[in-house]
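Novice: The structure follows.
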Amino acid sequence: MASIFGFRSRNPARDRRTDIARLDRLAKLFDQIAAEVEAEKSGLESRYRTKATNAAFLVEAMENGAASSSSSAEVSELTKSILNCERRISALTRQNELMKDIRHSLDEIFDQNAQHGSTTKAALAKPAAGAG
């Protein structure tokens with residue numbers, strides 16, 4: 001009867017496969033972004049530790065009178081760099097938490113959709129290590 005009016009309904013199994021594919025692409029994208037954020041944060045934390053160590057040794061040398069008069073300016077630059085690192089690490093931590101929250105929400109959406117069909121959560125991309 002539906003074909004009389006020129007309307008054909010879609011196959012529910014095909015719709016579920018389309019939904020799974022779409023959610024899978026989103027999951028992979030969120031996992032990729034979370035991995036990028038984590039890599040940036042890890043590299044920055046390493047540089048932060050190096051700068052903090054350098055600053056500590058320089059301040060100690062200044063206190064012992066073993067550093068040049070230009071060391072004060074260098075300590076000031078290291079301090080600025082350390083503060084910038086701390087701000088960026090904080091921002092990256094927030095971004096990573098956001099990615100985790102979004103990924104969790106996506107899992108919940110998938111779970112809700114799976115309750116209405118015969119799909120399983122295993123069909124959705126697995127989160128990257130540390131991203132889920």
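By order in the structure tokens, chains are A, B, ...; within a chain, residues start at 1; ligands start at 1, following the order shown.
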Report as CSV: every residue of segment 34-54 of chain A with an atom at most 12 Å from segment 58-74 of chain A, its closest pair of atoms, and their distance in Å to one decimal, counting only C-alpha atoms, with rows sorted by chain and ascending residue number.
Specialist:
```
residue,atom,partner,partner_atom,distance
A:Lys51,CA,A:Leu58,CA,10.4
A:Ala52,CA,A:Leu58,CA,9.8
A:Thr53,CA,A:Leu58,CA,8.6
A:Asn54,CA,A:Leu58,CA,6.1
```
Novice: Next, dump the selected residues to file, keeping only N, CA, C and O atoms, as a PDB file, in the first residue's frame.
Specialist:
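After the write, result32.pdb holds the following:
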```
ATOM      1  N   LYS A  51      62.227  22.923  32.607  1.00  0.00           N
ATOM      2  CA  LYS A  51      62.318  24.356  32.929  1.00  0.00           C
ATOM      3  C   LYS A  51      62.318  24.591  34.432  1.00  0.00           C
ATOM      4  O   LYS A  51      63.058  25.440  34.937  1.00  0.00           O
ATOM      5  N   ALA A  52      61.488  23.848  35.159  1.00  0.00           N
ATOM      6  CA  ALA A  52      61.437  24.006  36.613  1.00  0.00           C
ATOM      7  C   ALA A  52      62.772  23.601  37.241  1.00  0.00           C
ATOM      8  O   ALA A  52      63.261  24.272  38.166  1.00  0.00           O
ATOM      9  N   THR A  53      63.367  22.535  36.750  1.00  0.00           N
ATOM     10  CA  THR A  53      64.666  22.094  37.250  1.00  0.00           C
ATOM     11  C   THR A  53      65.735  23.137  36.955  1.00  0.00           C
ATOM     12  O   THR A  53      66.537  23.492  37.831  1.00  0.00           O
ATOM     13  N   ASN A  54      65.747  23.643  35.721  1.00  0.00           N
ATOM     14  CA  ASN A  54      66.719  24.678  35.348  1.00  0.00           C
ATOM     15  C   ASN A  54      66.565  25.915  36.225  1.00  0.00           C
ATOM     16  O   ASN A  54      67.555  26.491  36.666  1.00  0.00           O
TER      17      ASN A  54
END
```
Novice: Which residue out of A:His104, A:Arg47, A:Arg17, A:Lys41 has the minimum interatomic distance to Ser90 of chain A when only C-alpha atoms are used?
Specialist: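 Going through A:His104, A:Arg47, A:Arg17, A:Lys41 one by one, the smallest distance to Ser90 of chain A is for A:Lys41.
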Novice: Could you give me the residues within chain A that DSSP places in alpha helix (DSSP H), as a PDB file with C-alpha atoms, in the first residue's frame?
Specialist:
```pdb
ATOM      1  CA  PRO A  12      15.292  -1.015  10.218  1.00  0.00           C
ATOM      2  CA  ALA A  13      18.399  -3.228  10.051  1.00  0.00           C
ATOM      3  CA  ARG A  14      19.909  -0.887   7.481  1.00  0.00           C
ATOM      4  CA  ASP A  15      19.054   2.092   9.693  1.00  0.00           C
ATOM      5  CA  ARG A  16      20.807   0.449  12.656  1.00  0.00           C
ATOM      6  CA  ARG A  17      23.913  -0.234  10.532  1.00  0.00           C
ATOM      7  CA  THR A  18      23.914   3.412   9.406  1.00  0.00           C
ATOM      8  CA  ASP A  19      23.569   4.610  13.003  1.00  0.00           C
ATOM      9  CA  ILE A  20      26.369   2.314  14.170  1.00  0.00           C
ATOM     10  CA  ALA A  21      28.662   3.534  11.398  1.00  0.00           C
ATOM     11  CA  ARG A  22      27.915   7.172  12.220  1.00  0.00           C
ATOM     12  CA  LEU A  23      28.430   6.702  15.961  1.00  0.00           C
ATOM     13  CA  ASP A  24      31.591   4.708  15.268  1.00  0.00           C
ATOM     14  CA  ARG A  25      33.047   7.602  13.227  1.00  0.00           C
ATOM     15  CA  LEU A  26      32.226  10.012  16.051  1.00  0.00           C
ATOM     16  CA  ALA A  27      33.767   7.707  18.650  1.00  0.00           C
ATOM     17  CA  LYS A  28      36.964   7.383  16.628  1.00  0.00           C
ATOM     18  CA  LEU A  29      37.142  11.159  16.164  1.00  0.00           C
ATOM     19  CA  PHE A  30      36.731  11.823  19.903  1.00  0.00           C
ATOM     20  CA  ASP A  31      39.336   9.158  20.688  1.00  0.00           C
ATOM     21  CA  GLN A  32      41.743  10.706  18.169  1.00  0.00           C
ATOM     22  CA  ILE A  33      41.283  14.195  19.635  1.00  0.00           C
ATOM     23  CA  ALA A  34      41.742  12.858  23.172  1.00  0.00           C
ATOM     24  CA  ALA A  35      44.990  11.161  22.086  1.00  0.00           C
ATOM     25  CA  GLU A  36      46.221  14.415  20.497  1.00  0.00           C
ATOM     26  CA  VAL A  37      45.428  16.366  23.662  1.00  0.00           C
ATOM     27  CA  GLU A  38      47.146  13.759  25.838  1.00  0.00           C
ATOM     28  CA  ALA A  39      50.261  13.748  23.608  1.00  0.00           C
ATOM     29  CA  GLU A  40      50.505  17.537  23.749  1.00  0.00           C
ATOM     30  CA  LYS A  41      50.034  17.514  27.520  1.00  0.00           C
ATOM     31  CA  SER A  42      52.655  14.805  28.013  1.00  0.00           C
ATOM     32  CA  GLY A  43      55.238  16.673  25.931  1.00  0.00           C
ATOM     33  CA  LEU A  44      54.484  19.929  27.702  1.00  0.00           C
ATOM     34  CA  GLU A  45      54.776  18.304  31.140  1.00  0.00           C
ATOM     35  CA  SER A  46      58.222  17.020  30.180  1.00  0.00           C
ATOM     36  CA  ARG A  47      59.354  20.489  29.079  1.00  0.00           C
ATOM     37  CA  TYR A  48      57.785  21.957  32.230  1.00  0.00           C
ATOM     38  CA  ARG A  49      59.852  19.647  34.462  1.00  0.00           C
ATOM     39  CA  THR A  50      63.028  20.625  32.583  1.00  0.00           C
ATOM     40  CA  LYS A  51      62.318  24.356  32.929  1.00  0.00           C
ATOM     41  CA  ALA A  52      61.437  24.006  36.613  1.00  0.00           C
ATOM     42  CA  THR A  53      64.666  22.094  37.250  1.00  0.00           C
ATOM     43  CA  ASN A  54      66.719  24.678  35.348  1.00  0.00           C
ATOM     44  CA  ALA A  55      65.069  27.505  37.287  1.00  0.00           C
ATOM     45  CA  ALA A  56      65.738  25.791  40.619  1.00  0.00           C
ATOM     46  CA  PHE A  57      69.423  25.264  39.832  1.00  0.00           C
ATOM     47  CA  LEU A  58      69.773  28.830  38.575  1.00  0.00           C
ATOM     48  CA  VAL A  59      68.150  30.296  41.705  1.00  0.00           C
ATOM     49  CA  GLU A  60      70.407  28.123  43.864  1.00  0.00           C
ATOM     50  CA  ALA A  61      73.460  29.326  41.926  1.00  0.00           C
ATOM     51  CA  MET A  62      72.324  32.945  42.371  1.00  0.00           C
ATOM     52  CA  GLU A  63      71.905  32.426  46.119  1.00  0.00           C
ATOM     53  CA  SER A  71      70.780  35.321  35.667  1.00  0.00           C
ATOM     54  CA  SER A  72      67.951  37.337  37.193  1.00  0.00           C
ATOM     55  CA  ALA A  73      66.525  38.036  33.744  1.00  0.00           C
ATOM     56  CA  GLU A  74      66.890  34.368  32.861  1.00  0.00           C
ATOM     57  CA  VAL A  75      65.022  33.348  36.034  1.00  0.00           C
ATOM     58  CA  SER A  76      62.282  35.818  35.097  1.00  0.00           C
ATOM     59  CA  GLU A  77      61.983  34.267  31.619  1.00  0.00           C
ATOM     60  CA  LEU A  78      61.929  30.748  33.065  1.00  0.00           C
ATOM     61  CA  THR A  79      59.234  31.843  35.533  1.00  0.00           C
ATOM     62  CA  LYS A  80      57.078  33.218  32.703  1.00  0.00           C
ATOM     63  CA  SER A  81      57.582  30.039  30.709  1.00  0.00           C
ATOM     64  CA  ILE A  82      56.699  27.860  33.712  1.00  0.00           C
ATOM     65  CA  LEU A  83      53.511  29.855  34.348  1.00  0.00           C
ATOM     66  CA  ASN A  84      52.537  29.560  30.684  1.00  0.00           C
ATOM     67  CA  CYS A  85      53.144  25.807  30.846  1.00  0.00           C
ATOM     68  CA  GLU A  86      50.958  25.521  33.935  1.00  0.00           C
ATOM     69  CA  ARG A  87      48.122  27.422  32.232  1.00  0.00           C
ATOM     70  CA  ARG A  88      48.350  25.282  29.098  1.00  0.00           C
ATOM     71  CA  ILE A  89      48.534  22.026  31.058  1.00  0.00           C
ATOM     72  CA  SER A  90      45.429  23.120  32.956  1.00  0.00           C
ATOM     73  CA  ALA A  91      43.618  23.915  29.689  1.00  0.00           C
ATOM     74  CA  LEU A  92      44.647  20.561  28.207  1.00  0.00           C
ATOM     75  CA  THR A  93      43.436  18.763  31.323  1.00  0.00           C
ATOM     76  CA  ARG A  94      40.029  20.448  30.929  1.00  0.00           C
ATOM     77  CA  GLN A  95      39.946  19.538  27.225  1.00  0.00           C
ATOM     78  CA  ASN A  96      40.777  15.926  28.033  1.00  0.00           C
ATOM     79  CA  GLU A  97      37.992  15.777  30.619  1.00  0.00           C
ATOM     80  CA  LEU A  98      35.598  17.267  28.062  1.00  0.00           C
ATOM     81  CA  MET A  99      36.563  14.592  25.522  1.00  0.00           C
ATOM     82  CA  LYS A 100      35.966  11.903  28.138  1.00  0.00           C
ATOM     83  CA  ASP A 101      32.562  13.396  28.993  1.00  0.00           C
ATOM     84  CA  ILE A 102      31.543  13.657  25.336  1.00  0.00           C
ATOM     85  CA  ARG A 103      32.758  10.115  24.670  1.00  0.00           C
ATOM     86  CA  HIS A 104      30.771   8.869  27.671  1.00  0.00           C
ATOM     87  CA  SER A 105      27.681  10.699  26.376  1.00  0.00           C
ATOM     88  CA  LEU A 106      28.171   9.076  22.990  1.00  0.00           C
ATOM     89  CA  ASP A 107      28.327   5.664  24.666  1.00  0.00           C
ATOM     90  CA  GLU A 108      25.073   6.457  26.478  1.00  0.00           C
ATOM     91  CA  ILE A 109      23.398   7.478  23.208  1.00  0.00           C
ATOM     92  CA  PHE A 110      24.562   4.253  21.637  1.00  0.00           C
ATOM     93  CA  ASP A 111      23.283   2.253  24.598  1.00  0.00           C
ATOM     94  CA  GLN A 112      19.877   3.922  24.286  1.00  0.00           C
ATOM     95  CA  ASN A 113      19.752   3.194  20.570  1.00  0.00           C
ATOM     96  CA  ALA A 114      20.879  -0.387  21.138  1.00  0.00           C
ATOM     97  CA  GLN A 115      17.955  -0.953  23.503  1.00  0.00           C
TER      98      GLN A 115
END
```
